>>> print(open('data30.cif').read())   # mmCIF, C-alpha atoms
data_final
#
loop_
_atom_site.label_atom_id
_atom_site.label_comp_id
_atom_site.auth_asym_id
_atom_site.auth_seq_id
_atom_site.Cartn_x
_atom_site.Cartn_y
_atom_site.Cartn_z
CA MET A 136 -17.40 -42.70 -17.54
CA ILE A 137 -15.05 -42.42 -14.59
CA ASN A 138 -13.23 -45.47 -13.23
CA ILE A 139 -13.39 -45.31 -9.44
CA ASN A 140 -10.37 -47.65 -8.97
CA THR A 141 -7.96 -45.10 -10.39
CA LEU A 142 -9.15 -42.07 -8.46
CA ASP A 143 -8.34 -41.05 -4.92
CA THR A 144 -10.84 -39.33 -2.66
CA ALA A 145 -10.39 -35.97 -4.36
CA GLY A 146 -11.17 -37.45 -7.74
CA THR A 147 -7.62 -37.14 -9.06
CA ARG A 148 -5.40 -39.98 -10.16
CA ALA A 149 -3.54 -41.52 -7.12
CA ARG A 150 0.13 -42.35 -7.60
CA GLN A 151 2.49 -43.88 -5.05
CA THR A 152 5.86 -42.18 -4.68
CA GLY A 153 8.77 -43.07 -2.34
CA VAL A 154 9.14 -45.95 0.08
CA SER A 155 7.07 -46.63 3.14
CA LEU A 156 8.59 -46.68 6.62
CA ILE A 157 7.73 -50.36 7.08
CA GLU A 158 9.65 -51.32 3.94
CA VAL A 159 12.70 -49.41 5.18
CA LEU A 160 12.51 -51.08 8.60
CA VAL A 161 12.26 -54.56 7.06
CA SER A 162 15.25 -53.96 4.77
CA VAL A 163 17.35 -52.60 7.69
CA PHE A 164 16.43 -55.66 9.76
CA VAL A 165 17.43 -58.03 6.93
CA LEU A 166 20.72 -56.17 6.43
CA ALA A 167 21.49 -56.19 10.18
CA PHE A 168 20.74 -59.92 10.40
CA GLY A 169 23.09 -60.59 7.48
CA ILE A 170 25.91 -58.52 9.00
CA LEU A 171 25.46 -60.32 12.32
CA GLY A 172 25.74 -63.68 10.53
CA ILE A 173 28.97 -62.57 8.84
CA ALA A 174 30.41 -61.45 12.21
CA VAL A 175 29.61 -64.85 13.78
CA MET A 176 31.26 -66.66 10.86
CA GLN A 177 34.34 -64.43 11.15
CA ALA A 178 34.67 -65.13 14.88
CA GLY A 179 34.43 -68.89 14.25
CA ALA A 180 37.01 -68.68 11.48
CA LEU A 181 39.42 -66.84 13.79
CA ARG A 182 39.01 -69.47 16.52
CA ASN A 183 39.58 -72.30 14.06
CA ASN A 184 42.58 -70.52 12.57
CA GLN A 185 44.14 -70.28 16.04
CA GLY A 186 43.47 -73.98 16.62
CA ALA A 187 45.09 -74.89 13.30
CA PHE A 188 48.11 -72.75 14.16
CA GLU A 189 48.46 -74.48 17.52
CA GLN A 190 48.26 -77.94 15.94
CA SER A 191 50.97 -77.01 13.43
CA ALA A 192 53.09 -75.54 16.23
CA ALA A 193 52.66 -78.73 18.28
CA VAL A 194 53.95 -80.86 15.40
CA PHE A 195 56.89 -78.50 14.93
CA LEU A 196 57.64 -78.59 18.68
CA THR A 197 57.67 -82.40 18.82
CA HIS A 198 60.11 -82.46 15.92
CA SER A 199 62.29 -79.80 17.55
CA ILE A 200 62.94 -81.86 20.72
CA LEU A 201 63.59 -84.98 18.64
CA ASP A 202 66.10 -82.99 16.60
CA ALA A 203 67.78 -81.77 19.79
CA MET A 204 67.99 -85.38 20.96
CA ARG A 205 69.43 -86.42 17.63
CA ALA A 206 72.07 -83.69 17.83
CA SER A 207 73.21 -84.80 21.29
CA MET A 208 73.47 -88.58 20.78
CA GLN A 209 76.33 -90.43 22.47
CA PRO A 210 78.53 -93.24 21.14
CA ASP A 211 77.36 -96.72 22.09
CA PRO A 212 80.08 -98.28 24.28
CA ASP A 213 78.98 -101.81 23.31
CA ASN A 214 78.83 -101.22 19.53
CA PRO A 215 81.57 -99.04 18.06
CA GLY A 216 80.25 -96.79 15.32
CA GLN A 217 76.71 -96.85 16.75
CA TRP A 218 75.08 -93.95 18.56
CA LEU A 219 72.54 -93.92 21.37
CA ALA A 220 70.01 -91.31 22.40
CA ARG A 221 70.63 -89.76 25.80
CA GLN A 222 68.15 -91.39 28.13
CA SER A 223 68.17 -88.31 30.35
CA TYR A 224 65.74 -86.66 27.87
CA ALA A 225 63.06 -89.17 28.82
CA THR A 226 60.43 -87.87 31.21
CA SER A 227 58.24 -90.10 33.33
CA ASP A 228 55.16 -88.00 32.61
CA PHE A 229 54.19 -84.68 31.05
CA ILE A 230 56.32 -81.82 32.31
CA CYS A 231 54.51 -78.51 32.62
CA GLN A 232 56.87 -76.47 34.78
CA ASP A 233 60.62 -75.93 34.81
CA SER A 234 60.85 -77.51 38.26
CA GLN A 235 59.64 -80.85 36.80
CA ILE A 236 62.53 -81.18 34.34
CA PRO A 237 64.48 -84.33 35.27
CA GLY A 238 68.18 -85.09 35.40
CA SER A 239 71.41 -83.31 36.07
CA ASP A 240 72.84 -83.23 32.53
CA GLU A 241 73.16 -79.49 31.78
CA LEU A 242 72.71 -79.89 28.00
CA VAL A 243 69.53 -81.91 28.46
CA LYS A 244 68.14 -79.49 31.06
CA ASN A 245 68.78 -76.53 28.75
CA ASP A 246 67.13 -78.29 25.79
CA LEU A 247 64.08 -79.32 27.83
CA THR A 248 63.78 -75.87 29.43
CA ARG A 249 63.87 -74.17 26.01
CA TRP A 250 61.40 -76.73 24.63
CA LEU A 251 58.97 -76.22 27.52
CA ARG A 252 59.20 -72.43 27.17
CA ASN A 253 58.42 -72.72 23.44
CA ILE A 254 55.46 -74.97 24.21
CA ARG A 255 54.05 -72.45 26.69
CA ASP A 256 54.69 -69.52 24.32
CA ASN A 257 53.13 -71.09 21.22
CA LEU A 258 50.32 -73.22 22.60
CA ASN A 259 47.40 -72.33 24.82
CA GLY A 260 47.44 -68.74 23.60
CA GLY A 261 50.58 -67.98 25.61
CA VAL A 262 48.78 -68.61 28.90
CA THR A 263 51.30 -70.02 31.36
CA ASP A 264 49.27 -72.65 33.15
CA ASP A 265 49.58 -76.41 33.44
CA ASN A 266 47.69 -77.09 30.21
CA ALA A 267 50.67 -76.71 27.85
CA CYS A 268 53.07 -79.56 28.61
CA GLY A 269 55.55 -81.89 26.93
CA LYS A 270 56.76 -85.46 27.37
CA VAL A 271 59.53 -87.59 25.86
CA GLU A 272 59.52 -91.40 26.01
CA CYS A 273 62.04 -93.82 24.54
CA ASP A 274 61.45 -97.52 23.93
CA SER A 275 63.00 -99.66 26.67
CA THR A 276 64.40 -102.19 24.20
CA ASP A 277 65.34 -99.80 21.38
CA HIS A 278 66.62 -96.59 22.99
CA ASN A 279 66.75 -94.80 19.62
CA LEU A 280 62.99 -95.17 19.07
CA CYS A 281 61.49 -92.20 20.92
CA THR A 282 58.11 -90.47 21.09
CA ALA A 283 57.74 -86.76 21.80
CA SER A 284 54.30 -85.62 22.97
CA VAL A 285 52.81 -82.18 23.43
CA ARG A 286 49.56 -81.53 25.32
CA TRP A 287 47.54 -78.31 25.47
CA ASN A 288 44.01 -76.97 25.88
CA ASN A 289 42.31 -76.68 22.49
CA SER A 290 38.76 -75.98 23.70
CA ARG A 291 38.70 -72.49 22.15
CA SER A 292 38.49 -73.96 18.64
CA LEU A 293 35.07 -74.93 17.36
CA GLY A 294 34.69 -78.58 18.25
CA GLY A 295 38.03 -78.46 20.10
CA ILE A 296 38.71 -80.55 23.17
CA ASP A 297 40.14 -79.62 26.55
CA GLU A 298 43.16 -81.86 26.22
CA GLN A 299 44.64 -82.05 22.73
CA VAL A 300 47.73 -84.27 22.40
CA VAL A 301 50.12 -84.56 19.46
CA ASP A 302 52.57 -87.48 19.42
CA THR A 303 55.52 -87.84 17.06
CA ARG A 304 57.46 -91.09 17.02
CA SER A 305 60.88 -91.19 15.43
CA ARG A 306 63.97 -93.34 15.21
CA LEU A 307 66.94 -91.18 16.09
#
>>> encode(input="data30.cif", output="structure tokens")
Amino acid sequence: MININTLDTAGTRARQTGVSLIEVLVSVFVLAFGILGIAVMQAGALRNNQGAFEQSAAVFLTHSILDAMRASMQPDPDNPGQWLARQSYATSDFICQDSQIPGSDELVKNDLTRWLRNIRDNLNGGVTDDNACGKVECDSTDHNLCTASVRWNNSRSLGGIDEQVVDTRSRL
């Protein structure tokens, strides 16, 4: 007795060999979709890595201007042995261009110019626009309590915002 389920049309045993074209197409599609997903994750990781670098650089930059202020303190004429921060470092608002740097004290102008150049070079991807700026404020009653602020555009990071600000407050 011959079993019809095991015979092909010629009456010989049918046996599948190889892979069909549809199976190959499906596996290529799955592989391509997976590689595309990895590329998207890599691009997001690069953007977030740049944002993390800029945040670290902003903290470093706020500390650098506070250190420059600390290095250039003046003796307090009212209290011998006490030192005061130079008030000429204080800016009324964010400075984004060299022309906005206040004062006539050459040391202060050089420090602020170098600081602003470093802000523009390290934040905002090196783009020299008005998004990468810095500000220094000192307390009106305690001149040695100062806050350095850095502002830049952080919208390229995933979940980043247009105006990211880092403030560092320190007693000089």
>>> closest_residue(input="data30.cif", among="A:Ala192, A:Ala187, A:Leu258, A:Leu242", to="Met208 in chain A", atoms="all atoms listed in the file")
A:Leu242
>>> atom_distance(input="data30.cif", atom1="CA of Ser239 in chain A", atom2="CA of Ser207 in chain A")
15.0 Å
>>> resolve_selection(input="data30.cif", expression="the PyMOL selection byres ((chain A and resi 214-225) around 12)", output="PyMOL selection string")
chain A and resi 200-213+226-230+236-248+250+269-284+305-307
>>> axis_aligned_box(input="data30.cif", around="range 221-236 of chain A", padding_each_side="4 Å", output="AutoDock Vina command-line options")
--center_x 62.4 --center_y -83.7 --center_z 32.0 --size_x 24.4 --size_y 23.5 --size_z 20.5
>>> closest_residue(input="data30.cif", among="A:Val175, A:Leu166, A:Ala267, A:Val194", to="Asn289 in chain A", atoms="all atoms listed in the file")
A:Ala267
>>> residues_around(input="data30.cif", residues="Gln299 in chain A", least_positions_apart="6", cutoff="8 Å", atoms="all atoms listed in the file", output="PyMOL selection string")
chain A and resi 286-289
>>> write_last_selection(input="data30.cif", atoms="C-alpha atoms", output="mmCIF file, keeping the file's coordinate frame")
data_model
loop_
_atom_site.group_PDB
_atom_site.id
_atom_site.type_symbol
_atom_site.label_atom_id
_atom_site.label_comp_id
_atom_site.auth_asym_id
_atom_site.auth_seq_id
_atom_site.Cartn_x
_atom_site.Cartn_y
_atom_site.Cartn_z
ATOM 1 C CA ARG A 286 49.560 -81.530 25.320
ATOM 2 C CA TRP A 287 47.540 -78.310 25.470
ATOM 3 C CA ASN A 288 44.010 -76.970 25.880
ATOM 4 C CA ASN A 289 42.310 -76.680 22.490
#
